[in-house]
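Enquirer: Dropping in model14.cif, with mmCIF, C-alpha atoms and all ligand atoms.
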```cif
data_run
#
loop_
_atom_site.label_atom_id
_atom_site.label_comp_id
_atom_site.auth_asym_id
_atom_site.auth_seq_id
_atom_site.Cartn_x
_atom_site.Cartn_y
_atom_site.Cartn_z
CA MET Y 15 100.29 26.43 123.62
CA ASP Y 16 102.17 26.01 126.92
CA GLY Y 17 100.01 28.74 128.41
CA GLN Y 18 100.64 31.24 125.60
CA ASP Y 19 97.83 32.50 123.34
CA LEU Y 20 98.75 32.20 119.68
CA ILE Y 21 96.98 33.18 116.47
CA ALA Y 22 96.99 30.05 114.30
CA PHE Y 23 97.95 30.42 110.66
CA ALA Y 24 98.05 26.66 110.39
CA SER Y 25 94.47 25.41 110.17
CA ASN Y 26 92.74 24.01 107.08
CA ASP Y 27 89.36 25.30 108.30
CA TYR Y 28 89.52 27.73 105.37
CA LEU Y 29 85.92 28.96 105.47
CA GLY Y 30 85.94 29.33 109.25
CA LEU Y 31 83.02 26.92 109.71
CA ALA Y 32 84.38 24.49 112.31
CA ALA Y 33 84.09 26.45 115.52
CA GLU Y 34 80.47 27.64 115.43
CA ASP Y 35 78.52 27.51 112.19
CA LEU Y 36 78.07 23.75 111.96
CA VAL Y 37 77.38 23.16 115.63
CA PRO Y 38 73.56 23.64 115.76
CA ALA Y 39 73.05 21.17 112.88
CA VAL Y 40 75.24 18.63 114.66
CA HIS Y 41 73.34 19.09 117.94
CA ARG Y 42 70.00 18.56 116.18
CA ALA Y 43 71.24 15.40 114.50
CA ILE Y 44 72.65 13.93 117.71
CA ASP Y 45 69.37 14.64 119.48
CA THR Y 46 67.41 12.67 116.89
CA VAL Y 47 69.73 9.86 115.73
CA GLY Y 48 72.38 9.63 118.45
CA TRP Y 49 76.09 9.31 117.82
CA GLY Y 50 77.82 6.20 116.42
CA SER Y 51 76.59 4.64 113.17
CA GLY Y 52 77.02 1.10 114.46
CA ALA Y 53 78.41 -0.63 111.37
CA SER Y 54 79.87 -0.27 107.90
CA PRO Y 55 77.56 1.24 105.27
CA LEU Y 56 76.66 -2.08 103.63
CA ILE Y 57 75.72 -3.74 106.92
CA CYS Y 58 73.46 -1.16 108.61
CA GLY Y 59 75.62 1.97 109.09
CA HIS Y 60 74.16 3.94 106.18
CA GLY Y 61 71.31 6.14 107.40
CA ALA Y 62 68.90 8.65 105.86
CA ILE Y 63 71.22 11.61 106.53
CA HIS Y 64 74.13 9.86 104.78
CA ALA Y 65 71.87 9.18 101.80
CA GLU Y 66 70.70 12.80 101.69
CA LEU Y 67 74.29 14.04 101.88
CA GLU Y 68 75.32 11.81 98.96
CA ARG Y 69 72.38 13.15 96.96
CA GLN Y 70 73.29 16.76 97.79
CA LEU Y 71 76.97 16.12 97.04
CA ALA Y 72 76.15 14.86 93.55
CA LEU Y 73 74.00 17.97 92.99
CA PHE Y 74 76.77 20.21 94.30
CA GLU Y 75 79.42 18.54 92.15
CA GLY Y 76 77.16 18.25 89.10
CA THR Y 77 77.85 14.51 88.79
CA ASP Y 78 75.53 11.50 88.53
CA ALA Y 79 76.44 10.21 91.96
CA ALA Y 80 78.65 10.59 95.01
CA LEU Y 81 79.89 8.26 97.72
CA LEU Y 82 80.89 9.08 101.31
CA PHE Y 83 84.00 7.63 102.93
CA SER Y 84 85.13 7.99 106.53
CA SER Y 85 87.96 10.31 105.42
CA GLY Y 86 89.66 11.75 102.36
CA PHE Y 87 92.51 9.35 103.02
CA ALA Y 88 90.09 6.41 102.83
CA ALA Y 89 88.49 7.81 99.64
CA ASN Y 90 91.84 7.94 97.83
CA LEU Y 91 93.07 4.60 99.09
CA GLY Y 92 89.80 2.82 98.30
CA SER Y 93 89.28 4.39 94.88
CA ILE Y 94 92.76 3.84 93.48
CA THR Y 95 92.94 0.23 94.62
CA ALA Y 96 89.45 -0.46 93.22
CA LEU Y 97 90.21 1.06 89.82
CA VAL Y 98 93.62 -0.35 88.94
CA GLY Y 99 95.78 -3.35 89.74
CA ARG Y 100 98.49 -5.56 88.30
CA GLY Y 101 98.85 -4.99 84.54
CA ASP Y 102 97.63 -1.39 84.83
CA ALA Y 103 99.59 1.87 85.00
CA ILE Y 104 99.28 4.93 87.23
CA TYR Y 105 100.78 8.35 86.43
CA SER Y 106 101.14 10.29 89.67
CA ASP Y 107 102.40 13.86 90.29
CA ALA Y 108 105.59 13.89 92.38
CA LYS Y 109 103.96 16.07 95.04
CA ASN Y 110 100.71 14.15 95.43
CA HIS Y 111 99.30 13.60 98.91
CA ALA Y 112 100.46 10.61 100.98
CA SER Y 113 97.05 8.93 100.66
CA ILE Y 114 97.43 8.88 96.86
CA ILE Y 115 100.98 7.54 97.13
CA ASP Y 116 99.83 4.78 99.47
CA GLY Y 117 96.90 3.95 97.16
CA CYS Y 118 99.32 3.61 94.23
CA ARG Y 119 101.60 1.30 96.23
CA LEU Y 120 98.78 -0.86 97.52
CA SER Y 121 97.09 -1.21 94.13
CA GLY Y 122 99.88 -3.32 92.63
CA ALA Y 123 99.76 -1.24 89.41
CA THR Y 124 102.99 0.03 87.84
CA THR Y 125 103.39 3.61 89.03
CA PHE Y 126 105.12 6.31 87.00
CA VAL Y 127 105.83 9.44 89.04
CA PHE Y 128 105.97 12.52 86.82
CA PRO Y 129 107.78 15.73 87.87
CA HIS Y 130 105.54 18.23 89.66
CA ARG Y 131 102.99 19.79 87.25
CA ASP Y 132 105.15 18.78 84.26
CA VAL Y 133 102.71 18.04 81.46
CA THR Y 134 105.42 17.46 78.85
CA SER Y 135 107.08 14.73 80.92
CA LEU Y 136 103.70 13.15 81.53
CA GLN Y 137 102.98 13.08 77.81
CA GLY Y 138 106.34 11.36 77.20
CA LEU Y 139 105.53 8.72 79.82
CA LEU Y 140 102.10 8.10 78.31
CA GLU Y 141 103.58 7.73 74.83
CA ASP Y 142 106.19 5.23 76.05
CA SER Y 143 103.86 2.98 78.05
CA SER Y 144 100.94 2.12 75.80
CA ALA Y 145 100.99 -1.63 76.52
CA PHE Y 146 99.23 -1.41 79.88
CA ARG Y 147 95.58 -2.42 80.24
CA ARG Y 148 93.99 0.44 82.19
CA ARG Y 149 95.79 3.75 82.71
CA LEU Y 150 95.06 6.21 85.52
CA ILE Y 151 96.36 9.77 85.83
CA VAL Y 152 96.05 11.09 89.38
CA THR Y 153 96.80 14.48 90.89
CA ASP Y 154 96.01 16.87 93.73
CA SER Y 155 94.26 19.96 92.37
CA LEU Y 156 95.75 22.36 94.93
CA PHE Y 157 99.06 21.22 96.38
CA SER Y 158 99.05 21.55 100.14
CA MET Y 159 102.65 22.63 100.69
CA ASP Y 160 103.38 24.74 97.59
CA GLY Y 161 99.93 26.32 97.44
CA ASN Y 162 99.89 26.05 93.64
CA LEU Y 163 97.37 24.56 91.22
CA ALA Y 164 97.60 21.52 88.94
CA PRO Y 165 97.21 22.18 85.18
CA LEU Y 166 93.91 20.27 85.13
CA ASP Y 167 92.83 21.54 81.71
CA LYS Y 168 96.00 20.14 80.12
CA LEU Y 169 95.80 16.91 82.10
CA ALA Y 170 92.23 16.44 80.85
CA GLU Y 171 93.41 16.84 77.25
CA LEU Y 172 96.12 14.22 77.76
CA ALA Y 173 93.72 11.82 79.47
CA GLU Y 174 91.39 12.05 76.50
CA GLN Y 175 94.18 11.73 73.92
CA PHE Y 176 95.62 8.63 75.62
CA GLN Y 177 92.31 7.15 76.81
CA ALA Y 178 93.34 7.30 80.43
CA ILE Y 179 91.16 7.72 83.52
CA LEU Y 180 91.69 11.10 85.22
CA MET Y 181 91.24 11.29 88.99
CA VAL Y 182 91.61 14.64 90.77
CA ASP Y 183 91.86 15.21 94.51
CA GLU Y 184 90.31 18.56 95.41
CA ALA Y 185 90.91 18.23 99.19
CA HIS Y 186 92.24 21.79 99.67
CA ALA Y 187 90.00 23.35 97.00
CA THR Y 188 86.48 22.02 97.60
CA GLY Y 189 84.31 24.87 98.83
CA LEU Y 190 86.73 27.55 97.65
CA TYR Y 191 87.37 27.61 93.91
CA GLY Y 192 85.11 27.95 90.89
CA LYS Y 193 81.81 29.78 90.49
CA ASP Y 194 79.96 27.37 92.79
CA GLY Y 195 82.91 26.45 94.99
CA ARG Y 196 83.36 22.96 93.54
CA GLY Y 197 87.11 23.30 93.21
CA VAL Y 198 89.98 23.99 90.84
CA ALA Y 199 88.42 21.85 88.09
CA GLN Y 200 85.47 24.22 87.93
CA HIS Y 201 87.79 27.23 88.22
CA LEU Y 202 89.81 26.03 85.19
CA GLY Y 203 86.79 24.79 83.21
CA ALA Y 204 88.16 21.23 83.21
CA GLU Y 205 85.34 19.33 84.90
CA ASP Y 206 84.08 17.45 81.86
CA GLY Y 207 87.43 15.74 81.32
CA ILE Y 208 87.71 14.44 84.90
CA HIS Y 209 86.31 10.98 85.66
CA LEU Y 210 86.56 10.96 89.44
CA ARG Y 211 86.73 13.86 91.83
CA ILE Y 212 87.88 13.26 95.38
CA GLY Y 213 86.98 15.72 98.10
CA THR Y 214 86.90 15.97 101.86
CA PHE Y 215 84.73 17.67 104.45
CA SER Y 216 87.77 17.99 106.70
CA LYS Y 217 89.26 21.18 105.28
CA ALA Y 218 87.31 24.18 103.96
CA LEU Y 219 84.09 22.42 104.94
CA GLY Y 220 85.11 22.41 108.60
CA SER Y 221 84.14 18.86 109.47
CA ILE Y 222 85.16 15.25 108.73
CA GLY Y 223 84.57 12.71 105.95
CA GLY Y 224 85.82 12.10 102.42
CA PHE Y 225 83.91 11.60 99.19
CA VAL Y 226 84.09 10.59 95.56
CA ALA Y 227 81.91 12.29 92.93
CA SER Y 228 81.63 10.47 89.62
CA SER Y 229 79.32 8.57 87.28
CA GLN Y 230 76.77 6.16 88.74
CA CYS Y 231 78.70 3.31 87.18
CA VAL Y 232 81.96 4.21 88.94
CA VAL Y 233 80.19 4.79 92.25
CA ASP Y 234 78.47 1.39 92.00
CA TRP Y 235 81.85 -0.17 91.32
CA LEU Y 236 83.37 1.51 94.38
CA VAL Y 237 80.47 0.41 96.62
CA ASN Y 238 81.37 -3.15 95.69
CA ARG Y 239 85.15 -2.92 95.45
CA ALA Y 240 86.60 -0.10 97.55
CA ARG Y 241 87.79 -1.94 100.63
CA SER Y 242 88.10 1.22 102.76
CA TYR Y 243 84.37 1.74 102.09
CA VAL Y 244 83.15 -1.83 102.51
CA PHE Y 245 85.16 -2.71 105.60
CA SER Y 246 85.05 0.51 107.62
CA THR Y 247 82.37 1.87 109.94
CA ALA Y 248 80.24 4.63 108.45
CA LEU Y 249 80.67 8.18 109.75
CA PRO Y 250 78.26 9.23 112.50
CA GLU Y 251 75.10 10.64 110.92
CA ALA Y 252 75.77 13.84 112.85
CA ALA Y 253 78.94 14.23 110.75
CA ALA Y 254 76.81 13.85 107.63
CA ALA Y 255 74.49 16.53 109.05
CA ALA Y 256 77.51 18.82 109.41
CA GLY Y 257 78.37 18.05 105.78
CA LEU Y 258 74.87 19.05 104.64
CA GLU Y 259 75.11 22.29 106.58
CA SER Y 260 78.54 23.11 105.15
CA LEU Y 261 77.29 22.57 101.58
CA ARG Y 262 74.38 24.89 102.34
CA LEU Y 263 76.79 27.56 103.62
CA VAL Y 264 79.02 27.21 100.54
CA ARG Y 265 75.92 27.74 98.38
CA GLU Y 266 74.40 30.59 100.38
CA GLU Y 267 77.46 32.45 101.66
CA PRO Y 268 79.81 32.76 98.67
CA HIS Y 269 81.29 35.92 100.21
CA ARG Y 270 83.31 33.67 102.53
CA ARG Y 271 85.36 32.20 99.68
CA THR Y 272 85.47 35.45 97.69
CA ARG Y 273 86.81 37.37 100.66
CA LEU Y 274 89.35 34.67 101.56
CA LEU Y 275 90.72 34.47 98.00
CA GLU Y 276 90.93 38.27 97.69
CA ARG Y 277 92.71 38.50 101.01
CA SER Y 278 95.09 35.70 100.00
CA ALA Y 279 96.03 37.53 96.79
CA HIS Y 280 96.65 40.71 98.80
CA VAL Y 281 98.84 38.93 101.38
CA ARG Y 282 100.86 37.21 98.62
CA SER Y 283 101.55 40.52 96.94
CA GLN Y 284 102.57 42.17 100.23
CA LEU Y 285 104.94 39.31 101.05
CA ARG Y 286 106.46 39.31 97.56
CA GLN Y 287 107.16 43.03 98.05
CA GLN Y 288 108.90 42.14 101.29
CA ASN Y 289 111.21 39.94 99.21
CA TRP Y 290 109.96 36.53 100.41
CA ASP Y 291 110.26 33.57 98.05
CA LEU Y 292 106.72 32.23 97.59
CA GLY Y 293 107.50 29.98 94.62
CA SER Y 294 104.49 29.66 92.33
CA ALA Y 295 101.93 29.92 95.14
CA SER Y 296 98.56 31.20 93.99
CA SER Y 297 96.09 30.23 96.70
CA GLN Y 298 95.08 30.60 100.35
CA ILE Y 299 98.14 28.47 101.20
CA VAL Y 300 101.18 30.73 101.18
CA PRO Y 301 104.59 29.07 101.60
CA LEU Y 302 107.62 31.08 102.67
CA TYR Y 303 110.57 29.14 101.26
CA VAL Y 304 113.53 29.59 103.57
CA GLY Y 305 115.75 26.70 102.40
CA THR Y 306 117.21 24.84 105.35
CA PRO Y 307 115.32 23.09 108.16
CA GLN Y 308 117.27 25.24 110.66
CA ALA Y 309 116.11 28.48 109.02
CA ALA Y 310 112.51 27.25 109.05
CA VAL Y 311 112.59 26.29 112.73
CA GLU Y 312 114.30 29.55 113.68
CA LEU Y 313 111.70 31.69 111.93
CA SER Y 314 108.84 29.62 113.28
CA THR Y 315 110.23 30.02 116.82
CA LYS Y 316 110.62 33.80 116.48
CA LEU Y 317 107.07 34.15 115.20
CA ARG Y 318 105.78 32.02 118.01
CA GLN Y 319 107.41 34.33 120.52
CA GLU Y 320 105.51 37.13 118.79
CA GLY Y 321 102.20 35.30 119.11
CA PHE Y 322 101.80 33.49 115.77
CA LEU Y 323 101.58 29.76 115.13
CA LEU Y 324 103.17 28.89 111.77
CA PRO Y 325 104.52 25.38 111.46
CA ALA Y 326 108.01 24.81 110.02
CA ILE Y 327 107.66 22.30 107.20
CA ARG Y 328 110.84 20.25 106.66
CA PRO Y 329 111.95 17.03 104.97
CA PRO Y 330 110.46 14.44 104.61
CA SER Y 331 107.28 16.53 104.12
CA VAL Y 332 109.14 18.54 101.44
CA PRO Y 333 112.28 17.81 99.38
CA ALA Y 334 115.68 18.79 100.84
CA GLY Y 335 116.42 22.50 100.32
CA GLU Y 336 112.72 23.39 100.19
CA SER Y 337 111.99 23.85 103.89
CA LEU Y 338 109.29 26.41 104.39
CA LEU Y 339 106.85 28.12 106.71
CA ARG Y 340 103.31 27.44 105.64
CA ILE Y 341 100.85 30.29 106.09
CA SER Y 342 97.32 29.03 105.92
CA LEU Y 343 94.79 31.84 105.59
CA THR Y 344 91.15 31.41 106.55
CA TYR Y 345 87.94 33.41 106.46
CA GLY Y 346 88.01 33.31 110.27
CA HIS Y 347 91.10 35.52 110.58
CA THR Y 348 90.41 39.15 111.43
CA THR Y 349 91.95 41.85 109.26
CA ASP Y 350 93.93 42.96 112.31
CA SER Y 351 95.53 39.57 112.87
CA VAL Y 352 96.48 39.20 109.20
CA ASP Y 353 97.97 42.72 109.19
CA ALA Y 354 99.86 41.90 112.39
CA LEU Y 355 101.39 38.80 110.80
CA VAL Y 356 102.41 40.71 107.66
CA SER Y 357 104.10 43.39 109.72
CA ALA Y 358 105.85 40.80 111.93
CA LEU Y 359 107.18 39.17 108.77
CA GLU Y 360 108.41 42.54 107.52
CA SER Y 361 110.95 42.64 110.34
CA HIS Y 362 112.22 39.13 109.56
CA ARG Y 363 112.28 39.47 105.80
CA PRO Y 364 115.21 38.17 103.77
CA ARG Y 365 117.70 40.91 102.82
CA PRO Y 366 118.85 40.88 99.21
C1 LIG V 1 94.13 16.23 103.70
C2 LIG V 1 94.19 15.54 102.41
C3 LIG V 1 93.65 14.27 102.24
C4 LIG V 1 93.09 13.49 103.39
O1 LIG V 1 91.83 13.97 103.78
P1 LIG V 1 91.29 13.63 105.24
O2 LIG V 1 89.83 13.86 105.12
O3 LIG V 1 91.99 14.54 106.18
O4 LIG V 1 91.63 12.19 105.47
C5 LIG V 1 93.67 13.71 100.99
N1 LIG V 1 94.22 14.36 99.93
C6 LIG V 1 94.77 15.58 100.08
C7 LIG V 1 95.34 16.26 98.88
C8 LIG V 1 94.79 16.21 101.31
O5 LIG V 1 95.34 17.40 101.44
#
```
Starting from the file, give its structure as structure tokens.
Expert:
Amino acid sequence: MDGQDLIAFASNDYLGLAAEDLVPAVHRAIDTVGWGSGASPLICGHGAIHAELERQLALFEGTDAALLFSSGFAANLGSITALVGRGDAIYSDAKNHASIIDGCRLSGATTFVFPHRDVTSLQGLLEDSSAFRRRLIVTDSLFSMDGNLAPLDKLAELAEQFQAILMVDEAHATGLYGKDGRGVAQHLGAEDGIHLRIGTFSKALGSIGGFVASSQCVVDWLVNRARSYVFSTALPEAAAAAGLESLRLVREEPHRRTRLLERSAHVRSQLRQQNWDLGSASSQIVPLYVGTPQAAVELSTKLRQEGFLLPAIRPPSVPAGESLLRISLTYGHTTDSVDALVSALESHRPRP
């Protein structure tokens, strides 16, 4: 930036796939099918590579079917508005992603926002609002600013008890968590209780494009009703080719996620020893809570002078008083650069 080389601890390319590993597959696809898809999927934009990716996605996720959207944002917006409307209720975690919030608003359903990861409050809300027609519980699985996990096993129990639909957005977890890298739901053994899983190729999978994995019946419904699917141009097939390649790498190179998660645990424990407040972070996203926006900008500026790019996250991205520096660890970081960051932070650490 501005002529200075920085080591980025800010990217969501968690498996380090974006820069090189997907490129040959993309080149091959462009050479055979060209670039733009030409139209929305239902007109003529849906090609053989899209179809193969949807088939592979369903296999990867262990669901009946999967549907590609142009982005994770479009997948959330389209799914929520297709599933619920006036007369229905949505129960949404207070720290859900903006695309979920916008989907709730646009749907016309009554939205109850429950305190972050607070299962007891959610249960109270469900008990007190039984008159609605359809009820949808929706949550991120790994929260992008706090780096903590949603209690998906407990949410699945509540969804079953109250006959609600459970929709989980695995955007920051797909490719990283669980035995096969499907996400936090697999990690917590909660997959069976989840009706729709949202994911994106834009983070750990190093590419672009959102998806929904669910039953055939739900996917058929979305094909007909999700307006961000019906009325938006399909991704280039080369992007779908990148998606296929990233799924192959998740399957065949599990050491990428294992190493990243081990390294993340190690960094968290080093930073806790340095006296940093990490909240309840338990992932590859490590927040350093510093309190005020000024403190966050100051620390970010100092680190930048030392060669590290760590964005200062301030309101309105986080509530007042919770300004933070967000460390985003990836498989692509060298041990030396991670060690260098940890030792730079040592000299700025909060004194008790
Ligand atoms: C990034 C993100 C999205 C949006 O995904 P894109 O593919 O970038 O549009 C949706 N939900 C969550 C939780 C995210 O973090």
Enquirer: Compute the set of protein, DNA and RNA residues whose minimum atom distance to ligand LIG 1 (chain V) is at most 8 Å, using only C-alpha atoms and all ligand atoms, and state it as a PyMOL selection string.
Expert: chain Y and resi 84-90+110-114+154-158+183-186+212-217+222-224
Enquirer: For Y:Ala96, which residue among Y:Ser242, Y:Ser342, Y:Thr188, Y:Asn289 is the nearest when counting all atoms listed in the file?
Expert: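 That would be Y:Ser242, the residue with the smallest distance to Y:Ala96.
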Enquirer: Enumerate, in order of chain and increasing residue number, the residues of stretch 249-358 of chain Y with an atom no farther than 12 Å from stretch 22-36 of chain Y, each with its shortest atom pair and distance in Å to one decimal, counting all atoms listed in the file, as a tab-separated table.
Expert:
```
residue	atom	partner	partner_atom	distance
Y:Ala252	CA	Y:Leu36	CA	10.2
Y:Ala253	CA	Y:Leu36	CA	9.6
Y:Ala254	CA	Y:Leu36	CA	10.9
Y:Ala255	CA	Y:Leu36	CA	8.6
Y:Ala256	CA	Y:Leu36	CA	5.6
Y:Gly257	CA	Y:Leu36	CA	8.4
Y:Leu258	CA	Y:Leu36	CA	9.3
Y:Glu259	CA	Y:Leu36	CA	6.3
Y:Ser260	CA	Y:Leu36	CA	6.9
Y:Leu261	CA	Y:Leu36	CA	10.5
Y:Arg262	CA	Y:Leu36	CA	10.4
Y:Leu263	CA	Y:Leu31	CA	8.7
Y:Val264	CA	Y:Leu29	CA	8.7
Y:Glu267	CA	Y:Leu29	CA	9.9
Y:Pro268	CA	Y:Leu29	CA	9.9
Y:His269	CA	Y:Leu29	CA	9.9
Y:Arg270	CA	Y:Leu29	CA	6.1
Y:Arg271	CA	Y:Leu29	CA	6.7
Y:Thr272	CA	Y:Leu29	CA	10.1
Y:Arg273	CA	Y:Leu29	CA	9.7
Y:Leu274	CA	Y:Leu29	CA	7.7
Y:Leu275	CA	Y:Tyr28	CA	10.1
Y:Ser278	CA	Y:Tyr28	CA	11.1
Y:Ser297	CA	Y:Tyr28	CA	11.2
Y:Gln298	CA	Y:Tyr28	CA	8.0
Y:Ile299	CA	Y:Asn26	CA	9.1
Y:Val300	CA	Y:Phe23	CA	10.0
Y:Pro301	CA	Y:Ala24	CA	11.2
Y:Ser314	CA	Y:Phe23	CA	11.2
Y:Leu317	CA	Y:Phe23	CA	10.8
Y:Arg318	CA	Y:Ala22	CA	9.7
Y:Glu320	CA	Y:Ala22	CA	12.0
Y:Gly321	CA	Y:Ala22	CA	8.8
Y:Phe322	CA	Y:Ala22	CA	6.1
Y:Leu323	CA	Y:Ala22	CA	4.7
Y:Leu324	CA	Y:Phe23	CA	5.6
Y:Pro325	CA	Y:Ala24	CA	6.7
Y:Ala326	CA	Y:Ala24	CA	10.1
Y:Ile327	CA	Y:Ala24	CA	11.0
Y:Leu339	CA	Y:Ala24	CA	9.6
Y:Arg340	CA	Y:Ala24	CA	7.1
Y:Ile341	CA	Y:Phe23	CA	5.4
Y:Ser342	CA	Y:Phe23	CA	5.0
Y:Leu343	CA	Y:Phe23	CA	6.1
Y:Thr344	CA	Y:Tyr28	CA	4.2
Y:Tyr345	CA	Y:Leu29	CA	5.0
Y:Gly346	CA	Y:Gly30	CA	4.6
Y:His347	CA	Y:Gly30	CA	8.2
Y:Thr348	CA	Y:Gly30	CA	11.0
Y:Ser351	CA	Y:Phe23	CA	9.7
Y:Val352	CA	Y:Phe23	CA	9.0
Y:Ala354	CA	Y:Phe23	CA	11.8
Y:Leu355	CA	Y:Phe23	CA	9.1
Y:Val356	CA	Y:Phe23	CA	11.6
```
Enquirer: Quick one, how far is atom CA of Y:Thr125 from atom CA of Y:Phe83?
Expert: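 Interatomic distance here is 24.2 Å.
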Enquirer: Choose the residue, out of Y:Met159, Y:Leu202, Y:Leu169, Y:Leu20, that has the smallest atom-to-atom separation from Y:Tyr303; count all atoms listed in the file.
Expert: Y:Met159
Enquirer: Residues proximal to (83.8, 26.7, 93.0) were defined as those with any atom within 10 Å of that point in the file's coordinates, counting all atoms listed in the file. Which are they, as a PyMOL selection string?
Expert: chain Y and resi 74-75+187-202+264-265+268+271
Enquirer: Please produce stretch 58-64 of chain Y, completed to all heavy atoms, as a PDB file, in the coordinates of the input.
Expert:
```
ATOM      1  N   CYS Y  58      74.645  -1.961 108.252  1.00  0.00           N
ATOM      2  CA  CYS Y  58      73.460  -1.160 108.610  1.00  0.00           C
ATOM      3  C   CYS Y  58      73.871   0.255 109.016  1.00  0.00           C
ATOM      4  O   CYS Y  58      73.121   0.974 109.639  1.00  0.00           O
ATOM      5  CB  CYS Y  58      72.649  -1.822 109.720  1.00  0.00           C
ATOM      6  SG  CYS Y  58      73.491  -1.803 111.317  1.00  0.00           S
ATOM      7  N   GLY Y  59      75.115   0.667 108.641  1.00  0.00           N
ATOM      8  CA  GLY Y  59      75.620   1.970 109.090  1.00  0.00           C
ATOM      9  C   GLY Y  59      75.171   3.152 108.246  1.00  0.00           C
ATOM     10  O   GLY Y  59      75.428   4.300 108.594  1.00  0.00           O
ATOM     11  N   HIS Y  60      74.515   2.870 107.116  1.00  0.00           N
ATOM     12  CA  HIS Y  60      74.160   3.940 106.180  1.00  0.00           C
ATOM     13  C   HIS Y  60      72.747   4.427 106.456  1.00  0.00           C
ATOM     14  O   HIS Y  60      71.781   3.710 106.194  1.00  0.00           O
ATOM     15  CB  HIS Y  60      74.271   3.390 104.745  1.00  0.00           C
ATOM     16  CG  HIS Y  60      74.242   4.435 103.684  1.00  0.00           C
ATOM     17  ND1 HIS Y  60      73.116   4.724 102.944  1.00  0.00           N
ATOM     18  CD2 HIS Y  60      75.213   5.272 103.226  1.00  0.00           C
ATOM     19  CE1 HIS Y  60      73.392   5.689 102.069  1.00  0.00           C
ATOM     20  NE2 HIS Y  60      74.660   6.030 102.221  1.00  0.00           N
ATOM     21  N   GLY Y  61      72.622   5.633 107.015  1.00  0.00           N
ATOM     22  CA  GLY Y  61      71.310   6.140 107.400  1.00  0.00           C
ATOM     23  C   GLY Y  61      70.762   7.159 106.406  1.00  0.00           C
ATOM     24  O   GLY Y  61      71.387   7.476 105.386  1.00  0.00           O
ATOM     25  N   ALA Y  62      69.590   7.699 106.752  1.00  0.00           N
ATOM     26  CA  ALA Y  62      68.900   8.650 105.860  1.00  0.00           C
ATOM     27  C   ALA Y  62      69.727   9.921 105.653  1.00  0.00           C
ATOM     28  O   ALA Y  62      69.713  10.502 104.566  1.00  0.00           O
ATOM     29  CB  ALA Y  62      67.540   8.991 106.445  1.00  0.00           C
ATOM     30  N   ILE Y  63      70.447  10.359 106.684  1.00  0.00           N
ATOM     31  CA  ILE Y  63      71.220  11.610 106.530  1.00  0.00           C
ATOM     32  C   ILE Y  63      72.428  11.368 105.617  1.00  0.00           C
ATOM     33  O   ILE Y  63      72.781  12.220 104.799  1.00  0.00           O
ATOM     34  CB  ILE Y  63      71.646  12.188 107.901  1.00  0.00           C
ATOM     35  CG1 ILE Y  63      70.419  12.307 108.824  1.00  0.00           C
ATOM     36  CG2 ILE Y  63      72.292  13.553 107.730  1.00  0.00           C
ATOM     37  CD1 ILE Y  63      70.726  12.858 110.219  1.00  0.00           C
ATOM     38  N   HIS Y  64      73.045  10.186 105.724  1.00  0.00           N
ATOM     39  CA  HIS Y  64      74.130   9.860 104.780  1.00  0.00           C
ATOM     40  C   HIS Y  64      73.594   9.883 103.346  1.00  0.00           C
ATOM     41  O   HIS Y  64      74.234  10.423 102.436  1.00  0.00           O
ATOM     42  CB  HIS Y  64      74.681   8.450 105.034  1.00  0.00           C
ATOM     43  CG  HIS Y  64      75.336   8.257 106.358  1.00  0.00           C
ATOM     44  ND1 HIS Y  64      74.821   7.438 107.323  1.00  0.00           N
ATOM     45  CD2 HIS Y  64      76.480   8.774 106.871  1.00  0.00           C
ATOM     46  CE1 HIS Y  64      75.620   7.447 108.392  1.00  0.00           C
ATOM     47  NE2 HIS Y  64      76.628   8.257 108.144  1.00  0.00           N
TER      48      HIS Y  64
END
```
